[in-house]
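A.B. asks: Could you have a look at this structure, given as structure tokens, before my questions?
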Amino acid sequence: MQRRDFIKTSSAAMLAVMIPEGNMIPTPESMHDVIIVGGSYSGMSAALTLGHARRSVLLIDANEPCNARVPHSHNLLTHDGEAPAELRAQARRDVARYSTVRMLEGRAIEVSGSDGAFVVRTAEGGEHRSRKLLLALGVRDELPSIAGLADCWGITAAACPFCHGYEVSERALGIIGSSPDNIQYAILLRNWSRNLRVFTNGASTFTDEQRDMLQKHEVEVVEAPIAEVLHEKGRVKAVSLTDGGRIAVDALFLRPRSVVPSAMLQSLGITLTEQGLLQVDFVQRTNVAGVFASGDCTTPMRALSVAMASGTMAGSAIVHELVVPSH
Ligand SMILES: Cc1cc2nc3c(=O)[nH]c(=O)nc-3n(C[C@H](O)[C@H](O)[C@H](O)COP(=O)(O)OP(=O)(O)OC[C@H]3O[C@@H](n4cnc5c(N)ncnc54)[C@H](O)[C@@H]3O)c2cc1C
């Protein structure tokens, strides 16, 4: 990917930042107050908070948000049903109003240093410095390897019924998954449709009690291995089975493994949660002084509103650390 500034900010503009006397030393362009790695909903929200607080920010984003393929986002107050691309474009317009925020398209590949002096290197050859660091990396969804499924992801296959359940109310839905946590998932999904099957894609490990539970909720279990998800331009039509069966469905739900792209963070020693997410406290601080994290890489509750809120929280907490002496 070509390195490209979304917004060109001159060094004169960066140096013209008005910082109240006595608050902190002026910030030259070579040392930003904050580098944000990951400039999607959460990172951009933090950038807005930081720009509004007149802090110098470098936001580095590889522009690969997890919902890139989704035609319409839901359950976001004031923007319900908006296209994610439009949400991101509007977010950039909002942030661009703040001359102390610079947005760079690129990929961070190495992060090092300590509180007051972090260094971020990018795949494009850049080397950037900051006092504080915010990681808003999102997660990478690892889908099961089933032909056709990736083409439907984000269009008619998704994880979250709170985002995409209403649109398929009372349609034929399928869950793909064989672990016991899919029992609760299926019962939850019945809130949106009672026309529901669980495709275990091979023999399941459900106990008799779990099978009874599904039967009680009128959820059919299909154990034959899946040959392919049949679709038209991402719109699911049917699940084709290796035993020759073919079951019509309108949408699929599944919870893929979500992985934080954290290889570049190893030298920092950030503590992870049991689920492999970046562990943060109530103001989005990690265990490493000066390093904050927000958005999907910190929570299993994946929603735009939550990602934005945690970005706001991280941005505010960073300003606090920069401005208010700790002793
Ligand atoms: C299929 C799908 C449908 C969804 N639908 C909805 C919905 O309808 N409503 C809703 O509220 N939520 C929805 N969500 C959830 C929502 O999209 C996420 O909660 C939200 O995108 C999280 O924002 P984020 O900023 O934390 O991460 P992301 O939006 O995933 O962005 C992370 C950013 O960090 C960048 N990045 C990562 N590593 C690096 C690096 N090393 N260097 C530079 N940049 C990097 C990525 O390129 C990306 O731009 C959906 C999610 C999915 C997967």
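Going by the structure tokens order, chains are called A, B, ..., each with residues numbered from 1, while ligands are numbered from 1 in the order shown.
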Using only C-alpha atoms, which residues sit within 8 Å of Leu173 (chain A) once same-chain residues fewer than 5 positions away are excluded, as a list of chain:residue names?
C.D. replies: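 Neighbouring residues, sequence-local ones excluded: A:Val168, A:Ser193, A:Asn195, A:Leu196, A:Arg197, A:Val249, A:Asp250, A:Ala251, A:Leu252, A:Phe253.
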A.B. asks: For the residues selected in the previous step, produce a file with N, CA and C atoms as a PDB file, in the first residue's frame.
C.D. replies:
```
ATOM      1  N   VAL A 168     -33.241  -9.602   9.247  1.00  0.00           N
ATOM      2  CA  VAL A 168     -33.583 -10.960   8.798  1.00  0.00           C
ATOM      3  C   VAL A 168     -34.607 -11.585   9.754  1.00  0.00           C
ATOM      4  N   SER A 193     -35.623 -14.823  14.982  1.00  0.00           N
ATOM      5  CA  SER A 193     -36.330 -15.739  14.080  1.00  0.00           C
ATOM      6  C   SER A 193     -36.476 -17.117  14.729  1.00  0.00           C
ATOM      7  N   ASN A 195     -37.176 -19.609  12.820  1.00  0.00           N
ATOM      8  CA  ASN A 195     -36.828 -20.510  11.712  1.00  0.00           C
ATOM      9  C   ASN A 195     -35.296 -20.650  11.717  1.00  0.00           C
ATOM     10  N   LEU A 196     -34.830 -21.573  12.566  1.00  0.00           N
ATOM     11  CA  LEU A 196     -33.404 -21.561  12.912  1.00  0.00           C
ATOM     12  C   LEU A 196     -32.820 -22.972  12.953  1.00  0.00           C
ATOM     13  N   ARG A 197     -31.628 -23.099  12.364  1.00  0.00           N
ATOM     14  CA  ARG A 197     -30.911 -24.375  12.412  1.00  0.00           C
ATOM     15  C   ARG A 197     -29.487 -24.143  12.863  1.00  0.00           C
ATOM     16  N   VAL A 249     -31.287 -21.121   3.226  1.00  0.00           N
ATOM     17  CA  VAL A 249     -31.176 -20.166   4.342  1.00  0.00           C
ATOM     18  C   VAL A 249     -31.040 -18.753   3.758  1.00  0.00           C
ATOM     19  N   ASP A 250     -31.451 -17.775   4.556  1.00  0.00           N
ATOM     20  CA  ASP A 250     -31.356 -16.376   4.130  1.00  0.00           C
ATOM     21  C   ASP A 250     -30.180 -15.645   4.762  1.00  0.00           C
ATOM     22  N   ALA A 251     -29.722 -16.146   5.898  1.00  0.00           N
ATOM     23  CA  ALA A 251     -28.574 -15.503   6.562  1.00  0.00           C
ATOM     24  C   ALA A 251     -27.898 -16.514   7.478  1.00  0.00           C
ATOM     25  N   LEU A 252     -26.624 -16.290   7.688  1.00  0.00           N
ATOM     26  CA  LEU A 252     -25.845 -17.181   8.569  1.00  0.00           C
ATOM     27  C   LEU A 252     -25.243 -16.367   9.710  1.00  0.00           C
ATOM     28  N   PHE A 253     -25.194 -16.985  10.863  1.00  0.00           N
ATOM     29  CA  PHE A 253     -24.541 -16.346  12.016  1.00  0.00           C
ATOM     30  C   PHE A 253     -23.462 -17.286  12.534  1.00  0.00           C
TER      31      PHE A 253
END
```
A.B. asks: Just the residues within 10 Å of Val120 (chain A), please, counting only C-alpha atoms, with nothing from its chain fewer than 4 positions along; format it as a list in words.
C.D. replies: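 Counting only the stated atoms, we get Ile35, Ile36, Val37, Ile60, Arg107, Ala108, Ile109, Glu110, Val111, Ser112, Gly113, Gly126, Glu127, His128, Arg129, Ser130, Leu133 and Met264 of chain A.
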A.B. asks: Keeping N, CA and C atoms, export the residues of the selection given above as a PDB file, in the first residue's frame.
C.D. replies:
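The file below, out.pdb, is the result:
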```
ATOM      1  N   ILE A  35       0.728   8.999  19.477  1.00  0.00           N
ATOM      2  CA  ILE A  35       0.547   8.264  18.215  1.00  0.00           C
ATOM      3  C   ILE A  35      -0.590   7.286  18.444  1.00  0.00           C
ATOM      4  N   ILE A  36      -1.548   7.304  17.532  1.00  0.00           N
ATOM      5  CA  ILE A  36      -2.641   6.334  17.567  1.00  0.00           C
ATOM      6  C   ILE A  36      -2.385   5.332  16.454  1.00  0.00           C
ATOM      7  N   VAL A  37      -2.264   4.072  16.806  1.00  0.00           N
ATOM      8  CA  VAL A  37      -2.104   3.035  15.780  1.00  0.00           C
ATOM      9  C   VAL A  37      -3.475   2.391  15.579  1.00  0.00           C
ATOM     10  N   ILE A  60      -2.032   6.603  12.615  1.00  0.00           N
ATOM     11  CA  ILE A  60      -1.522   5.745  11.531  1.00  0.00           C
ATOM     12  C   ILE A  60      -2.546   4.632  11.304  1.00  0.00           C
ATOM     13  N   ARG A 107       1.128   1.178   7.772  1.00  0.00           N
ATOM     14  CA  ARG A 107       1.005   0.055   8.706  1.00  0.00           C
ATOM     15  C   ARG A 107       2.155   0.092   9.704  1.00  0.00           C
ATOM     16  N   ALA A 108       1.835   0.187  10.971  1.00  0.00           N
ATOM     17  CA  ALA A 108       2.874   0.126  11.996  1.00  0.00           C
ATOM     18  C   ALA A 108       3.394  -1.309  12.076  1.00  0.00           C
ATOM     19  N   ILE A 109       4.696  -1.462  12.099  1.00  0.00           N
ATOM     20  CA  ILE A 109       5.251  -2.824  12.162  1.00  0.00           C
ATOM     21  C   ILE A 109       6.094  -3.038  13.415  1.00  0.00           C
ATOM     22  N   GLU A 110       6.437  -1.963  14.086  1.00  0.00           N
ATOM     23  CA  GLU A 110       7.255  -2.119  15.291  1.00  0.00           C
ATOM     24  C   GLU A 110       6.962  -0.962  16.231  1.00  0.00           C
ATOM     25  N   VAL A 111       6.731  -1.307  17.480  1.00  0.00           N
ATOM     26  CA  VAL A 111       6.457  -0.285  18.486  1.00  0.00           C
ATOM     27  C   VAL A 111       7.413  -0.530  19.640  1.00  0.00           C
ATOM     28  N   SER A 112       8.120   0.509  20.071  1.00  0.00           N
ATOM     29  CA  SER A 112       9.081   0.321  21.160  1.00  0.00           C
ATOM     30  C   SER A 112       9.143   1.589  22.003  1.00  0.00           C
ATOM     31  N   GLY A 113       9.980   1.561  23.033  1.00  0.00           N
ATOM     32  CA  GLY A 113      10.158   2.734  23.890  1.00  0.00           C
ATOM     33  C   GLY A 113       9.406   2.612  25.190  1.00  0.00           C
ATOM     34  N   GLY A 126       8.611   4.772   7.641  1.00  0.00           N
ATOM     35  CA  GLY A 126       8.567   5.917   8.556  1.00  0.00           C
ATOM     36  C   GLY A 126       9.007   5.540   9.963  1.00  0.00           C
ATOM     37  N   GLU A 127       9.472   6.540  10.695  1.00  0.00           N
ATOM     38  CA  GLU A 127       9.818   6.345  12.109  1.00  0.00           C
ATOM     39  C   GLU A 127       9.245   7.549  12.851  1.00  0.00           C
ATOM     40  N   HIS A 128       8.332   7.309  13.770  1.00  0.00           N
ATOM     41  CA  HIS A 128       7.583   8.382  14.402  1.00  0.00           C
ATOM     42  C   HIS A 128       7.694   8.267  15.919  1.00  0.00           C
ATOM     43  N   ARG A 129       7.694   9.430  16.577  1.00  0.00           N
ATOM     44  CA  ARG A 129       7.903   9.456  18.033  1.00  0.00           C
ATOM     45  C   ARG A 129       6.736  10.127  18.743  1.00  0.00           C
ATOM     46  N   SER A 130       6.476   9.657  19.949  1.00  0.00           N
ATOM     47  CA  SER A 130       5.391  10.271  20.737  1.00  0.00           C
ATOM     48  C   SER A 130       5.615  10.039  22.218  1.00  0.00           C
ATOM     49  N   LEU A 133       0.986   6.489  23.698  1.00  0.00           N
ATOM     50  CA  LEU A 133       0.635   5.595  22.594  1.00  0.00           C
ATOM     51  C   LEU A 133      -0.787   5.075  22.807  1.00  0.00           C
ATOM     52  N   MET A 264       3.528  -7.047  16.615  1.00  0.00           N
ATOM     53  CA  MET A 264       4.469  -5.916  16.707  1.00  0.00           C
ATOM     54  C   MET A 264       4.564  -5.338  18.118  1.00  0.00           C
TER      55      MET A 264
END
```
A.B. asks: Set the cut-off to 6 Å, count only C-alpha atoms and all ligand atoms, and list whatever residues fall near ligand 1 as a ChimeraX atom specification.
C.D. replies: /A:37-43,60-67,70,73-76,106-109,136-139,153-154,158,163-164,261,295-296,302-305,307
A.B. asks: Run DSSP on the backbone and tell me which residues of region 153-297 of chain A come out as strand (DSSP E or B); list them as a PDB file with C-alpha atoms, in the first residue's frame.
C.D. replies:
```pdb
ATOM      1  CA  TRP A 153     -19.148 -12.336   5.523  1.00  0.00           C
ATOM      2  CA  ALA A 157     -23.145 -13.746   7.304  1.00  0.00           C
ATOM      3  CA  ALA A 158     -22.316 -11.998  10.565  1.00  0.00           C
ATOM      4  CA  LEU A 173     -31.350 -18.493   9.659  1.00  0.00           C
ATOM      5  CA  GLY A 174     -28.440 -20.838  10.167  1.00  0.00           C
ATOM      6  CA  ILE A 175     -25.792 -20.853  12.859  1.00  0.00           C
ATOM      7  CA  ILE A 176     -22.458 -22.427  11.958  1.00  0.00           C
ATOM      8  CA  LEU A 196     -33.404 -21.561  12.912  1.00  0.00           C
ATOM      9  CA  ARG A 197     -30.911 -24.375  12.412  1.00  0.00           C
ATOM     10  CA  VAL A 198     -27.489 -25.070  13.859  1.00  0.00           C
ATOM     11  CA  PHE A 199     -25.036 -26.454  11.282  1.00  0.00           C
ATOM     12  CA  GLU A 220     -32.869 -28.202  14.399  1.00  0.00           C
ATOM     13  CA  VAL A 221     -29.303 -29.561  14.519  1.00  0.00           C
ATOM     14  CA  VAL A 222     -27.731 -30.453  11.147  1.00  0.00           C
ATOM     15  CA  ILE A 226     -20.932 -28.541   4.901  1.00  0.00           C
ATOM     16  CA  ALA A 227     -19.753 -28.742   1.284  1.00  0.00           C
ATOM     17  CA  GLU A 228     -20.365 -25.108   0.415  1.00  0.00           C
ATOM     18  CA  VAL A 229     -22.330 -21.986   1.208  1.00  0.00           C
ATOM     19  CA  LEU A 230     -24.269 -21.198  -1.969  1.00  0.00           C
ATOM     20  CA  HIS A 231     -24.779 -17.496  -2.598  1.00  0.00           C
ATOM     21  CA  GLU A 232     -25.261 -14.755  -5.174  1.00  0.00           C
ATOM     22  CA  ARG A 235     -26.359 -13.121  -0.490  1.00  0.00           C
ATOM     23  CA  VAL A 236     -26.724 -16.578   1.013  1.00  0.00           C
ATOM     24  CA  LYS A 237     -29.136 -18.876  -0.771  1.00  0.00           C
ATOM     25  CA  ALA A 238     -28.494 -22.275   0.774  1.00  0.00           C
ATOM     26  CA  VAL A 239     -26.082 -24.485   2.656  1.00  0.00           C
ATOM     27  CA  SER A 240     -25.028 -27.457   0.582  1.00  0.00           C
ATOM     28  CA  LEU A 241     -24.050 -30.584   2.537  1.00  0.00           C
ATOM     29  CA  ARG A 246     -29.256 -28.653   0.436  1.00  0.00           C
ATOM     30  CA  ILE A 247     -30.987 -26.424   2.964  1.00  0.00           C
ATOM     31  CA  ALA A 248     -32.268 -22.972   2.001  1.00  0.00           C
ATOM     32  CA  ALA A 251     -28.574 -15.503   6.562  1.00  0.00           C
ATOM     33  CA  LEU A 252     -25.845 -17.181   8.569  1.00  0.00           C
ATOM     34  CA  PHE A 253     -24.541 -16.346  12.016  1.00  0.00           C
ATOM     35  CA  ARG A 257     -12.023 -16.604  16.274  1.00  0.00           C
ATOM     36  CA  SER A 258     -11.044 -12.953  16.692  1.00  0.00           C
ATOM     37  CA  VAL A 259      -7.333 -12.261  16.883  1.00  0.00           C
ATOM     38  CA  LEU A 272      -3.569  -9.925  27.509  1.00  0.00           C
ATOM     39  CA  LEU A 278      -5.389  -6.206  25.283  1.00  0.00           C
ATOM     40  CA  ARG A 285      -4.871   2.128  30.280  1.00  0.00           C
ATOM     41  CA  VAL A 291       0.218   2.868  26.554  1.00  0.00           C
ATOM     42  CA  PHE A 292      -3.555   2.925  26.141  1.00  0.00           C
ATOM     43  CA  ALA A 293      -5.814   0.683  24.041  1.00  0.00           C
TER      44      ALA A 293
END
```
A.B. asks: Given the choices A:Arg69, A:Arg97, A:Arg171, A:His79, which gets closest to Arg54 (chain A) if the distance is worked out from only C-alpha atoms?
C.D. replies: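 Under the stated criterion, the closest residue is A:Arg97.
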A.B. asks: Determine, counting only C-alpha atoms, which protein, DNA and RNA residues have an atom within 7 Å of an atom of Gly202 (chain A); residues of the same chain fewer than 4 positions away are not included. Present the result as a PyMOL selection string.
C.D. replies: chain A and resi 223-225
